[in-house]
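Let me begin by presenting the structure, written as structure tokens, before commenting on it.
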Amino acid sequence: MKTVVLVAILAVIACVPFLWGSRYILHIATMTAIMIPMAAGMNIMLKIGQLSLAQAAFMGMGAYASALLTMKLGVPAVLALVIGGILPAIVAGVLGPVFLRIKGVYFVLLTFAFGQIVNLILQDWVSLTGGNSGIYGIPKFSIFGFRLAQVHHYYILALLFAVLVIAVLRRLEKSDVGAILESLNDNEMLSRSLGANALSWRIATFVLSAFIAGISGGIYAFYIGFLSPDPFGFRMVVDLIVMNVVGGVGTIFGPVLGAIFIVPLPELLRDAREYQLLIYAAILIFFILFVRNGIASLLGLNKRGQ
């Protein structure tokens, strides 16, 4: 019942930008909708006990792949978007068997190093990516002959993808697959004794999180129309971690609540921009000390999101 009420509240919140009618509010809402799947992708990695700092890099790969395929090869936007998700998923599938044999801080450092390498490639491969000057003039997304030219078009697109991701992950969370993934963090030896291939499940989760990030990156590229390496750096990773901590790691609704709270925050703190990191730190410390299970726990959602 609590979940039904929460979904209804989230649906109302999703409609507010349309009722407000402001382009500025719609932009913030669109960025929030884009970041929800990103935070959810990190969340499923946290569910298996692995903190991946590669999400921003995977998003960057998807964004640049979608943009370059459309601009340089004339690939239809829908196909470019899908390929933008598949490319980082393939990379995750190749790296997963190596990275995911390692746990704890060493895995965190590996994914951090990978993210830095990807960001440096985006900066230094000037002939392809434009370097720090970026890529301009990315064509607008089009599907079935309909060109998405307005902010509210991209809000709907990003919102549909966010809803799809949360629905799929929610389904997985409540299924036997969700129980297996949870056991990889809680009691891996038990899951192995029951016949689960722990490494394979970890790799599959890593690949899924990379695919989600790649699609999110493609939507971001088509919406903004300009790409540079800066948005896909460590700052985004920190934001995703904060979203999960604030929202709550234990349920897939946690990243949704965290993104709704965190993404608009810089705009609310625009007049105190020099204190943003300090305020972020204060919020993070508050939730770690006093609300360890995030906003979701305040709403009575338990570990399995019931």
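Scheme for the structure tokens: letters A, B, ... for chains in order shown; per-chain residue numbers from 1; ligand numbers from 1 in order shown.
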Mind checking which residues fall within 7 Å of segment 225-240 of chain A, counting only C-alpha atoms, ignoring those fewer than 2 positions away in the same chain, and posting them as a list in words? Ala39, Leu53, Gln55, Ala56, Ala57, Gly60, Asn119, Leu122, Gln123, Asn132, Ser133, Gly134, Ile135, Tyr136, Gly137, Ile138, Pro139, Ala221, Phe222, Tyr223, Val242, Met243 and Asn244 of chain A
Would you mind exporting the chosen residues as a CSV table (one decimal), in the first residue's frame, restricted to C-alpha atoms?
chain,number,residue,atom,x,y,z
A,39,ALA,CA,21.4,6.8,-9.8
A,53,LEU,CA,32.6,4.9,-9.9
A,55,GLN,CA,28.8,5.3,-14.1
A,56,ALA,CA,29.8,8.8,-15.4
A,57,ALA,CA,32.3,7.3,-17.8
A,60,GLY,CA,29.9,9.8,-21.4
A,119,ASN,CA,37.6,11.3,-19.4
A,122,LEU,CA,37.5,12.4,-24.4
A,123,GLN,CA,39.7,15.4,-23.7
A,132,ASN,CA,37.6,20.3,-24.1
A,133,SER,CA,36.1,22.5,-26.8
A,134,GLY,CA,33.4,19.8,-27.2
A,135,ILE,CA,31.0,18.9,-29.9
A,136,TYR,CA,28.5,21.4,-31.2
A,137,GLY,CA,25.4,21.1,-33.3
A,138,ILE,CA,24.2,17.7,-32.3
A,139,PRO,CA,20.9,17.1,-34.2
A,221,ALA,CA,23.4,14.5,-25.7
A,222,PHE,CA,20.3,14.9,-27.9
A,223,TYR,CA,18.7,17.2,-25.4
A,242,VAL,CA,24.8,11.4,-2.6
A,243,MET,CA,21.5,10.7,-4.4
A,244,ASN,CA,21.7,7.1,-3.3
Quick one: residues within 12 Å of Lys72 of chain A, only C-alpha atoms, excluding same-chain residues fewer than 2 positions away - as a list in words?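 After dropping sequence-adjacent residues, the list is Tyr64, Ala65, Ser66, Ala67, Leu68, Leu69, Thr70, Gly74, Val75, Pro76, Ala80, Leu128, Thr129, Ile135, Gly137, Ile138 and Pro139 of chain A.
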Report as a list of chain:residue names all protein, DNA and RNA residues lying within 8 Å of segment 16-27 of chain A, evaluated on only C-alpha atoms, omitting residues in the same chain fewer than 5 positions from it.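 In the requested format, the answer is A:Val151, A:His152, A:Tyr155.
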Write the residues of the selection above to a file with all heavy atoms, as a short mmCIF file (atom, residue, chain, number, x, y, z; two decimals), in the first residue's frame.
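part_28.cif written:
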data_model
loop_
_atom_site.label_atom_id
_atom_site.label_comp_id
_atom_site.auth_asym_id
_atom_site.auth_seq_id
_atom_site.Cartn_x
_atom_site.Cartn_y
_atom_site.Cartn_z
N VAL A 151 11.65 21.55 -25.01
CA VAL A 151 12.12 21.00 -23.74
C VAL A 151 11.17 19.93 -23.22
O VAL A 151 11.60 18.88 -22.74
CB VAL A 151 12.28 22.12 -22.68
CG1 VAL A 151 12.74 21.52 -21.35
CG2 VAL A 151 13.27 23.16 -23.15
N HIS A 152 9.87 20.19 -23.32
CA HIS A 152 8.91 19.23 -22.77
C HIS A 152 8.94 17.90 -23.54
O HIS A 152 8.60 16.86 -22.98
CB HIS A 152 7.49 19.81 -22.74
CG HIS A 152 6.90 20.08 -24.08
ND1 HIS A 152 7.08 21.27 -24.76
CD2 HIS A 152 6.11 19.31 -24.88
CE1 HIS A 152 6.42 21.23 -25.90
NE2 HIS A 152 5.83 20.05 -26.00
N TYR A 155 11.66 16.06 -21.82
CA TYR A 155 11.22 15.68 -20.47
C TYR A 155 10.38 14.41 -20.54
O TYR A 155 10.57 13.49 -19.73
CB TYR A 155 10.40 16.83 -19.85
CG TYR A 155 9.84 16.48 -18.49
CD1 TYR A 155 10.65 15.99 -17.48
CD2 TYR A 155 8.47 16.65 -18.22
CE1 TYR A 155 10.14 15.67 -16.23
CE2 TYR A 155 7.95 16.35 -16.98
CZ TYR A 155 8.79 15.85 -15.99
OH TYR A 155 8.28 15.53 -14.75
#
For atom CA of Val163 of chain A and atom CA of Gly218 of chain A, determine how far apart the two atoms are, in Å to one decimal place. 16.6 Å
Just the residues within 8 Å of Gly214 of chain A, please, counting only C-alpha atoms, with nothing from its chain fewer than 6 positions along; format it as a PyMOL selection string. chain A and resi 58-63+84-89
Only N, CA, C and O atoms, please: the residues just picked out, written as a JSON list (two decimals), in the first residue's frame.
[["chain", "number", "residue", "atom", "x", "y", "z"],
["A", 58, "PHE", "N", 30.57, 5.67, -18.32],
["A", 58, "PHE", "CA", 29.66, 4.95, -19.20],
["A", 58, "PHE", "C", 28.64, 5.90, -19.82],
["A", 58, "PHE", "O", 28.28, 5.77, -21.00],
["A", 59, "MET", "N", 28.19, 6.86, -19.04],
["A", 59, "MET", "CA", 27.26, 7.85, -19.58],
["A", 59, "MET", "C", 27.93, 8.68, -20.67],
["A", 59, "MET", "O", 27.33, 8.94, -21.72],
["A", 60, "GLY", "N", 29.18, 9.07, -20.42],
["A", 60, "GLY", "CA", 29.92, 9.83, -21.43],
["A", 60, "GLY", "C", 30.12, 9.05, -22.70],
["A", 60, "GLY", "O", 29.98, 9.59, -23.81],
["A", 61, "MET", "N", 30.43, 7.76, -22.58],
["A", 61, "MET", "CA", 30.60, 6.92, -23.76],
["A", 61, "MET", "C", 29.31, 6.85, -24.56],
["A", 61, "MET", "O", 29.32, 6.96, -25.80],
["A", 62, "GLY", "N", 28.19, 6.67, -23.87],
["A", 62, "GLY", "CA", 26.90, 6.61, -24.56],
["A", 62, "GLY", "C", 26.54, 7.92, -25.23],
["A", 62, "GLY", "O", 26.02, 7.94, -26.35],
["A", 63, "ALA", "N", 26.84, 9.03, -24.54],
["A", 63, "ALA", "CA", 26.53, 10.36, -25.08],
["A", 63, "ALA", "C", 27.32, 10.63, -26.35],
["A", 63, "ALA", "O", 26.77, 11.04, -27.38],
["A", 84, "GLY", "N", 24.46, 3.57, -28.41],
["A", 84, "GLY", "CA", 25.08, 4.30, -27.31],
["A", 84, "GLY", "C", 24.92, 3.60, -25.98],
["A", 84, "GLY", "O", 25.71, 3.82, -25.06],
["A", 85, "GLY", "N", 23.91, 2.78, -25.84],
["A", 85, "GLY", "CA", 23.74, 1.96, -24.64],
["A", 85, "GLY", "C", 24.51, 0.65, -24.72],
["A", 85, "GLY", "O", 25.08, 0.18, -23.74],
["A", 86, "ILE", "N", 24.55, 0.08, -25.93],
["A", 86, "ILE", "CA", 25.22, -1.21, -26.11],
["A", 86, "ILE", "C", 26.73, -1.09, -25.97],
["A", 86, "ILE", "O", 27.39, -1.96, -25.39],
["A", 87, "LEU", "N", 27.31, 0.00, -26.49],
["A", 87, "LEU", "CA", 28.77, 0.17, -26.44],
["A", 87, "LEU", "C", 29.33, 0.11, -25.03],
["A", 87, "LEU", "O", 30.22, -0.70, -24.75],
["A", 88, "PRO", "N", 28.85, 0.93, -24.08],
["A", 88, "PRO", "CA", 29.37, 0.81, -22.71],
["A", 88, "PRO", "C", 29.04, -0.53, -22.07],
["A", 88, "PRO", "O", 29.81, -1.02, -21.23],
["A", 89, "ALA", "N", 27.92, -1.14, -22.47],
["A", 89, "ALA", "CA", 27.58, -2.46, -21.93],
["A", 89, "ALA", "C", 28.61, -3.50, -22.37],
["A", 89, "ALA", "O", 29.01, -4.37, -21.58]]
Expected answer as a ChimeraX atom specification: alpha helix (DSSP H) residues in segment 48-220 of chain A: /A:55-73,77-99,105-124,126-129,151-174,176-186,188-193,198-220
For Ala29 of chain A, which residue out of A:Ala162, A:Leu277, A:Ile295, A:Ala204 is the nearest one, using only C-alpha atoms?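 When distances to Ala29 of chain A are compared using only C-alpha atoms, the smallest one comes from A:Ala162.
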Using only C-alpha atoms, what does the table of segment 125-236 of chain A residues within 10 Å of segment 92-97 of chain A look like, with each row giving the shortest atom pair and its distance in Å to one decimal, sorted by chain and ascending number, as JSON lines?
{"residue": "A:Leu199", "atom": "CA", "partner": "A:Pro97", "partner_atom": "CA", "distance": 7.3}
{"residue": "A:Ser200", "atom": "CA", "partner": "A:Pro97", "partner_atom": "CA", "distance": 8.1}
{"residue": "A:Arg202", "atom": "CA", "partner": "A:Gly96", "partner_atom": "CA", "distance": 7.9}
{"residue": "A:Ile203", "atom": "CA", "partner": "A:Gly96", "partner_atom": "CA", "distance": 5.2}
{"residue": "A:Ala204", "atom": "CA", "partner": "A:Gly93", "partner_atom": "CA", "distance": 7.7}
{"residue": "A:Thr205", "atom": "CA", "partner": "A:Gly96", "partner_atom": "CA", "distance": 9.5}
{"residue": "A:Phe206", "atom": "CA", "partner": "A:Ala92", "partner_atom": "CA", "distance": 6.3}
{"residue": "A:Val207", "atom": "CA", "partner": "A:Ala92", "partner_atom": "CA", "distance": 5.2}
{"residue": "A:Leu208", "atom": "CA", "partner": "A:Ala92", "partner_atom": "CA", "distance": 8.7}
{"residue": "A:Ser209", "atom": "CA", "partner": "A:Ala92", "partner_atom": "CA", "distance": 8.8}
{"residue": "A:Ala210", "atom": "CA", "partner": "A:Ala92", "partner_atom": "CA", "distance": 6.4}
{"residue": "A:Phe211", "atom": "CA", "partner": "A:Ala92", "partner_atom": "CA", "distance": 8.7}
Restricting the calculation to only C-alpha atoms, which member of A:Phe286, A:Phe161, A:Tyr154, A:Trp125 is positioned closest to Ile215 of chain A?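 For Ile215 of chain A, the nearest of the candidates is A:Phe161.
Using only C-alpha atoms for every distance, the candidate list A:Leu157, A:Leu181, A:Ala196, A:Ala282 yields A:Leu157 as the residue closest to Thr30 of chain A.
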Every residue of segment 64-189 of chain A that DSSP places in strand (DSSP E or B), as an MDAnalysis selection string: chainID A and resid 135 142:143 146:147
Could you dump the residues just selected with C-alpha atoms as a PDB file, in the first residue's frame?
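That gives us selection-v1.pdb:
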ATOM      1  CA  ILE A 135      31.008  18.862 -29.947  1.00  0.00           C
ATOM      2  CA  SER A 142      13.647  12.185 -33.937  1.00  0.00           C
ATOM      3  CA  ILE A 143      11.459   9.112 -33.914  1.00  0.00           C
ATOM      4  CA  PHE A 146       8.673  13.356 -35.280  1.00  0.00           C
ATOM      5  CA  ARG A 147      11.475  15.733 -34.268  1.00  0.00           C
TER       6      ARG A 147
END
Pick from A:Val245, A:Pro264, A:Tyr220, A:Thr251 nearest to Ala281 of chain A, counting only C-alpha atoms: A:Val245
Under the rule that only C-alpha atoms are counted, which of A:Ser216, A:Ser183, A:Thr111, A:Thr3 is the nearest residue to Ile83 of chain A?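 Among the listed residues, A:Ser216 lies closest to Ile83 of chain A.
Ranking A:Val82, A:Leu284, A:Ile36, A:Ala14 by their shortest atom-to-atom distance to Val165 of chain A, with only C-alpha atoms included, puts A:Ile36 first.
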For atom CA of Phe112 of chain A and atom CA of Leu51 of chain A, quote the distance in Å rounded to one decimal.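 Between these atoms lies a distance of 10.0 Å.
Taking atom CA of Trp201 of chain A and atom CA of Ala213 of chain A as the two end points, the separation is 18.4 Å.
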